[in-house]
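Quick notes on the structure that follows.
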Amino acid sequence: MKRDRIKRSLWQNIKRNRVCYFLSLPYFIIFSVFTVLPVLISIFLSFTTFNVLEAPVFSGIENYARMLLDDEVFIIAVKNTFILAVITGPVSYILSFTVAWLINDLKPALRSIITVIFYAPALSGNALLIWTVLFSSDAYGYANGLLMNLGVINQPIRWFFDPTYMMPLVIVVVLWSSLGTSFLAFIAGLQGIDRSQYEAAAIDGIRNRWQELWYITLPTMRPQLMFGAVMSISSAFSIGDVVTGLVGFPSTNYAVHTIINHLQDYGGIRYEMGYASAIATVLFFVMLLSNKIVKNVLSKVGE
Amino acid sequence: MTGAKPAKRTKQLNRSFAGNLGVYTVLAVLGAFMLLPLIYTLVSSVKPLEEYWIFPPKFTVSNPTLKNFKELFSVLSDSKIPFSRYLFNTVLISFVGTGGHVILASMCAFALAKHQFPGAKIMFRTVVLALMFNATVTRIPNFIIMSKLNLIDTYWALIVPAFGSSLGLYLMKQFMDQMVNDSVLESARMDGAGEFAIFWKIVMPMVKPAWLTLIIFSFRDLWNIGSNTFIQSEQFKTLNYAMSQVLAGGVARAGAGAAACVIMMIVPITVFIVTQSNVVETMGTSGMKE
């Protein structure tokens with residue numbers, strides 16, 4: 001009886017709000033089909049062997065076992081992905097905040113110009129390929145020419161093909177183009193802080209700008225810091241296309257081969273969809289877990 | 001409010017002279033790092049081929065020329081597909097994808113921000129969760145879905161997923177939450193306005209900064225789509241794909257490649273410069289509660 005009534009009232013509630021469903025479902029259905037469903041398919045396929053042509057065959061945890069025990073390149077990819085994420089994620093996050101903080105007190109016109117300069121690389125997509133020209137392998141590349149002219153080196157360095165330089169260069173290029181959405185969120189967050197808070201704090205004995213930063217600025221803009229962290233983490237773990245653009249595929253000795261590259265190798269070239277899905281599933285949970293950890297750390301800021 | 005003019009602080013904690021000098025030095029060094037590759041691209045695009053063979057290579061150009069742009073267009077029109085087709089593809093994808101995304105995401109955001117209905121909370125939670133991972137991890141199942149829907153090798157394969165981008169919905173919902181006043185909507189309802197009319201005639205004009213922001217983000221992503229597994233026939237490929245083929249041509253093509261980079265980056269940067277203040281206002285409401 002009671003359950004029936006609850007059911008009926010839920011149905012009435014849905015009927016009463018039907019205009020809300022007309023408004024929200026067109027977006028939400030598309031979002032679900034291309035974002036939620038793929039995650040579920042990925043998790044399902046990760047427990048199968050699937051070559052696209054034949055139906056998937058259940059294979060238990062075989063894919064996961066293979067990844068850990070039988071695929072040396074995957075281990076390299078994990079290592080590279082973590083090196084890239086652990087360096088570019090925090091550095092780009094701190095850089096975004098620092099620049100936003102430094103330009104916050106400048107005149108609005110100057111602030112706008114600096115914002116465009118720092119945000120431009122993130123906007124310009126493929127323009128990062130210009131780095132392959134700057135660091136090209138012959139003596140006509142700018143970096144080689146300069147170093148040879150100064151007598152630092154005698155032979156041109158094959159920058160993007162020599163494992164010694166590949167990782168550092170990729171990190172530099174990624175950082176160059178990484179002042180993106182979080183950077184804009186930080187600029188806006190700093191602009192939105194009520195100035196009277198600083199006056200009150202000065203009376204309460206805040207003595208220098210560092211104390212001001214730690215006790216007022218950072219806690220006040222914690223929501224933006226959270227949002228920025230989410231943006232930075234998801235992009236730091238999905239470096240892959242940049243690598244292919246800069247060093248080709250696969251990179252020399254897999255020196256900057258990332259999980260995303262590995263995923264493309266098995267999914268896009270070898271059509272081992274089950275195994276590729278297992279790789280994607282692992283990366284998916286790594287991203288969610290990192291978000292959880294970073295959120296816990298950020299909730300302690302300013303305490 | 002970010003749109004407000006910053007009031008003068010009465011008790012400002014000023015930086016010392018040395019502090020100011022430090023700030024400007026740091027900004028100048030970092031700014032040079034960001035700007036120099038872009039300037040190098042610009043300079044290279046007007047550098048005649050002869051100057052590419054000078055040793056040591058120079059950062060500057062002595063005899064600027066527009067030859068590289070001419071070469072770029074002639075290289076591109078030599079291919080089986082005319083240059084105008086690539087341009088048309090990218091413009092079509094960018095405009096339709098961005099337009100559809102802004103309208104659908106705003107409609108959904110309005111329902112989620114200003115109405116309580118069964119399922120609303122779970123919808124928004126799912127979108128926030130989706131912000132935490134990047135679409136690159138779902139490429140493979142997306143390919144399977146696209147082929148089941150028979151969308152492979154059509155414009156829709158690039159356009160439809162853009163409609164459902166999670167960042168746009170998130171930003172729009174947060175902005176409506178904080179910037180659209182419920183009493184305005186209430187009085188419109190009293191006057192007998194329907195929800196669609198309220199959305200289109202009252203809410204959309206109020207959230208102009210937010211939809212300009214959605215435009216810049218969506219446009220940037222679509223404009224920069226390069227080679228993509230969803231598109232296999234040459235006639236559906238994008239401008240960015242064609243341009244990166246030129247750039248892959250090595251030093252002999254460096255001038256034309258740089259010209260391609262300039263054309264590709266100038267469009268999104270211009271769009272951003274025009275919409276900047278609106279974007280910053282929107283990002284002011286982007287904050288995330290735990």
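Scheme for the structure tokens: letters A, B, ... for chains in order shown; per-chain residue numbers from 1; ligand numbers from 1 in order shown.
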
List as JSON lines every residue of stretch 207-278 of chain B that is in contact with stretch 235-257 of chain A, defined as an atom at most 12 Å from one of its atoms (using only C-alpha atoms), together with the nearest atom pair and the distance in Å rounded to one decimal, sorted by chain and then rising number.
```
{"residue": "B:Ile225", "atom": "CA", "partner": "A:Asp241", "partner_atom": "CA", "distance": 11.3}
{"residue": "B:Gly226", "atom": "CA", "partner": "A:Asp241", "partner_atom": "CA", "distance": 10.2}
{"residue": "B:Ser227", "atom": "CA", "partner": "A:Asp241", "partner_atom": "CA", "distance": 10.3}
{"residue": "B:Asn228", "atom": "CA", "partner": "A:Asp241", "partner_atom": "CA", "distance": 11.0}
{"residue": "B:Tyr241", "atom": "CA", "partner": "A:Gly245", "partner_atom": "CA", "distance": 11.7}
{"residue": "B:Ser244", "atom": "CA", "partner": "A:Gly245", "partner_atom": "CA", "distance": 9.2}
{"residue": "B:Gln245", "atom": "CA", "partner": "A:Gly245", "partner_atom": "CA", "distance": 11.1}
{"residue": "B:Leu247", "atom": "CA", "partner": "A:Gly245", "partner_atom": "CA", "distance": 10.5}
{"residue": "B:Ala248", "atom": "CA", "partner": "A:Gly245", "partner_atom": "CA", "distance": 9.4}
```

Just-selected residues, C-alpha atoms written as a CSV table (one decimal), in the first residue's frame:
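What landed in selection_34.csv:
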```csv
chain,number,residue,atom,x,y,z
B,225,ILE,CA,40.5,18.5,-34.2
B,226,GLY,CA,43.1,16.9,-36.4
B,227,SER,CA,43.4,13.3,-37.6
B,228,ASN,CA,40.7,11.3,-36.0
B,241,TYR,CA,44.7,17.5,-40.4
B,244,SER,CA,49.8,19.1,-40.0
B,245,GLN,CA,50.5,17.1,-43.1
B,247,LEU,CA,54.1,20.7,-41.2
B,248,ALA,CA,55.4,17.1,-41.3
```

Exercise. Might you pull out every residue within 8 Å of stretch 141-156 of chain A, with only C-alpha atoms counted and same-chain residues fewer than 3 positions away left off, and present them as a ChimeraX atom specification?
Key: /A:133-138 /B:55-59

Would you save the residues from that selection as a PDB file, in the first residue's frame, using C-alpha atoms?
```pdb
ATOM      1  CA  VAL A 133      61.193  23.084 -35.901  1.00  0.00           C
ATOM      2  CA  LEU A 134      62.955  24.909 -33.038  1.00  0.00           C
ATOM      3  CA  PHE A 135      64.546  21.642 -31.948  1.00  0.00           C
ATOM      4  CA  SER A 136      64.906  19.956 -35.332  1.00  0.00           C
ATOM      5  CA  SER A 137      67.567  17.287 -35.744  1.00  0.00           C
ATOM      6  CA  ASP A 138      69.827  19.117 -38.211  1.00  0.00           C
TER       7      ASP A 138
ATOM      8  CA  PHE B  55      74.042  29.154 -40.469  1.00  0.00           C
ATOM      9  CA  PRO B  56      73.794  29.953 -37.585  1.00  0.00           C
ATOM     10  CA  PRO B  57      69.990  30.185 -37.854  1.00  0.00           C
ATOM     11  CA  LYS B  58      68.598  33.603 -37.035  1.00  0.00           C
ATOM     12  CA  PHE B  59      65.563  34.343 -34.930  1.00  0.00           C
TER      13      PHE B  59
END
```

Exercise. Would you mind listing what lies within 10 Å of stretch 194-209 of chain B as number ranges by chain, with only C-alpha atoms counted and same-chain residues fewer than 3 positions away left out?
Key: A: 19-20, 22-23; B: 103, 106-107, 110-111, 172, 175-176, 179-181, 184-186, 188-191, 212-215, 275-283

Quiz prompt | Expected answer as a PyMOL selection string: helix (DSSP H, G or I) residues in stretch 131-281 of chain A | solution = chain A and resi 131-134+142-149+159-161+163-176+181-191+195-203+209-220+222-236+241-247+252-254+259-269+273-281

Self-check item: Near-B:Leu151 list (9 Å; only C-alpha atoms; drop same-chain fewer than 6 positions) as a PyMOL selection string
Solution: chain B and resi 145+157+230

Emit the selected residues as a compact mmCIF listing (two decimals), in the first residue's frame, including N, CA, C and O atoms.
```txt
# COMPACT_ATOMS: atom_id res chain seq x y z
N ILE B 145 30.70 2.54 -30.49
CA ILE B 145 29.37 3.17 -30.48
C ILE B 145 29.11 3.89 -31.80
O ILE B 145 28.05 3.75 -32.41
N ALA B 157 29.95 12.35 -36.53
CA ALA B 157 30.86 11.66 -35.61
C ALA B 157 31.69 12.67 -34.81
O ALA B 157 32.08 12.41 -33.68
N PHE B 230 37.50 8.50 -36.29
CA PHE B 230 36.11 8.47 -36.75
C PHE B 230 35.98 8.86 -38.22
O PHE B 230 34.95 8.63 -38.83
```

Exercise. Mind checking which residues fall within 6 Å of A:Phe50, counting only C-alpha atoms, ignoring those fewer than 3 positions away in the same chain, and posting them as an MDAnalysis selection string?
Key: chainID A and resid 56 273:274

How about saving the chosen residues, N, CA and C atoms kept, as an mmCIF file, in the first residue's frame?
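again.cif, freshly written:
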```cif
data_model
loop_
_atom_site.group_PDB
_atom_site.id
_atom_site.type_symbol
_atom_site.label_atom_id
_atom_site.label_comp_id
_atom_site.auth_asym_id
_atom_site.auth_seq_id
_atom_site.Cartn_x
_atom_site.Cartn_y
_atom_site.Cartn_z
ATOM 1 N N PRO A 56 32.682 -10.614 -28.419
ATOM 2 C CA PRO A 56 33.640 -10.711 -27.310
ATOM 3 C C PRO A 56 33.505 -12.035 -26.550
ATOM 4 N N MET A 273 40.786 -5.147 -28.646
ATOM 5 C CA MET A 273 39.938 -4.224 -27.908
ATOM 6 C C MET A 273 39.783 -4.591 -26.431
ATOM 7 N N GLY A 274 39.773 -5.899 -26.134
ATOM 8 C CA GLY A 274 39.647 -6.314 -24.741
ATOM 9 C C GLY A 274 40.820 -5.801 -23.923
#
```

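Restricting the calculation to only C-alpha atoms, the smallest distance between chain B and any of A:Thr35, A:Ser24, A:Asn296, A:Asn208 is found for A:Ser24.
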
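Distances to A:Asn261 were evaluated for B:Lys148, B:Arg139, B:Lys173, B:Lys121 using only C-alpha atoms, and the minimum falls at B:Arg139.
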
Exercise. Compare B:Ile39, B:Leu149, B:Met288, B:Val61 by their minimum atom-to-atom distance to B:Val128, counting only C-alpha atoms, and give me the closest one.
Key: B:Met288

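When only C-alpha atoms are used to compute distances to chain A, the closest of the residues B:Asn89, B:Thr65, B:Ser77, B:Thr60 turns out to be B:Thr60.
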
Quiz item: Smallest atom-to-atom distance to B:Leu72: which of B:Phe88, B:Pro141, B:Tyr40, B:Ser45, using only C-alpha atoms?
Solution: B:Ser45

Quiz item: Contacts of B:Met132 at 8 Å or less, counting only C-alpha atoms, minus same-chain residues fewer than 4 places along, as a VMD selection string?
Solution: (chain A and resid 230 to 231 233 to 234 287 to 288 291) or (chain B and resid 128)

With N, CA, C and O atoms retained, could you export that selection as a PDB file, in the first residue's frame?
```pdb
ATOM      1  N   VAL A 230      40.898  19.480 -10.536  1.00  0.00           N
ATOM      2  CA  VAL A 230      40.221  18.481 -11.360  1.00  0.00           C
ATOM      3  C   VAL A 230      40.661  18.613 -12.821  1.00  0.00           C
ATOM      4  O   VAL A 230      41.008  17.628 -13.473  1.00  0.00           O
ATOM      5  N   MET A 231      40.679  19.851 -13.313  1.00  0.00           N
ATOM      6  CA  MET A 231      41.075  20.087 -14.704  1.00  0.00           C
ATOM      7  C   MET A 231      42.525  19.655 -14.935  1.00  0.00           C
ATOM      8  O   MET A 231      42.845  19.005 -15.925  1.00  0.00           O
ATOM      9  N   ILE A 233      44.437  17.524 -13.208  1.00  0.00           N
ATOM     10  CA  ILE A 233      44.683  16.087 -13.083  1.00  0.00           C
ATOM     11  C   ILE A 233      44.232  15.362 -14.343  1.00  0.00           C
ATOM     12  O   ILE A 233      44.973  14.552 -14.907  1.00  0.00           O
ATOM     13  N   SER A 234      43.016  15.686 -14.827  1.00  0.00           N
ATOM     14  CA  SER A 234      42.570  14.899 -15.971  1.00  0.00           C
ATOM     15  C   SER A 234      43.436  15.175 -17.196  1.00  0.00           C
ATOM     16  O   SER A 234      43.669  14.276 -17.986  1.00  0.00           O
ATOM     17  N   MET A 287      42.838   8.123 -12.601  1.00  0.00           N
ATOM     18  CA  MET A 287      42.405   9.527 -12.616  1.00  0.00           C
ATOM     19  C   MET A 287      41.437   9.817 -11.473  1.00  0.00           C
ATOM     20  O   MET A 287      41.576  10.813 -10.766  1.00  0.00           O
ATOM     21  N   LEU A 288      40.448   8.941 -11.283  1.00  0.00           N
ATOM     22  CA  LEU A 288      39.472   9.174 -10.217  1.00  0.00           C
ATOM     23  C   LEU A 288      40.142   9.167  -8.848  1.00  0.00           C
ATOM     24  O   LEU A 288      39.872  10.015  -7.997  1.00  0.00           O
ATOM     25  N   ASN A 291      42.165  12.295  -8.184  1.00  0.00           N
ATOM     26  CA  ASN A 291      41.267  13.394  -7.847  1.00  0.00           C
ATOM     27  C   ASN A 291      40.867  13.352  -6.383  1.00  0.00           C
ATOM     28  O   ASN A 291      40.834  14.360  -5.704  1.00  0.00           O
TER      29      ASN A 291
ATOM     30  N   VAL B 128      29.723  16.005 -13.059  1.00  0.00           N
ATOM     31  CA  VAL B 128      30.906  16.408 -12.288  1.00  0.00           C
ATOM     32  C   VAL B 128      31.933  15.279 -12.267  1.00  0.00           C
ATOM     33  O   VAL B 128      33.136  15.506 -12.434  1.00  0.00           O
TER      34      VAL B 128
END
```
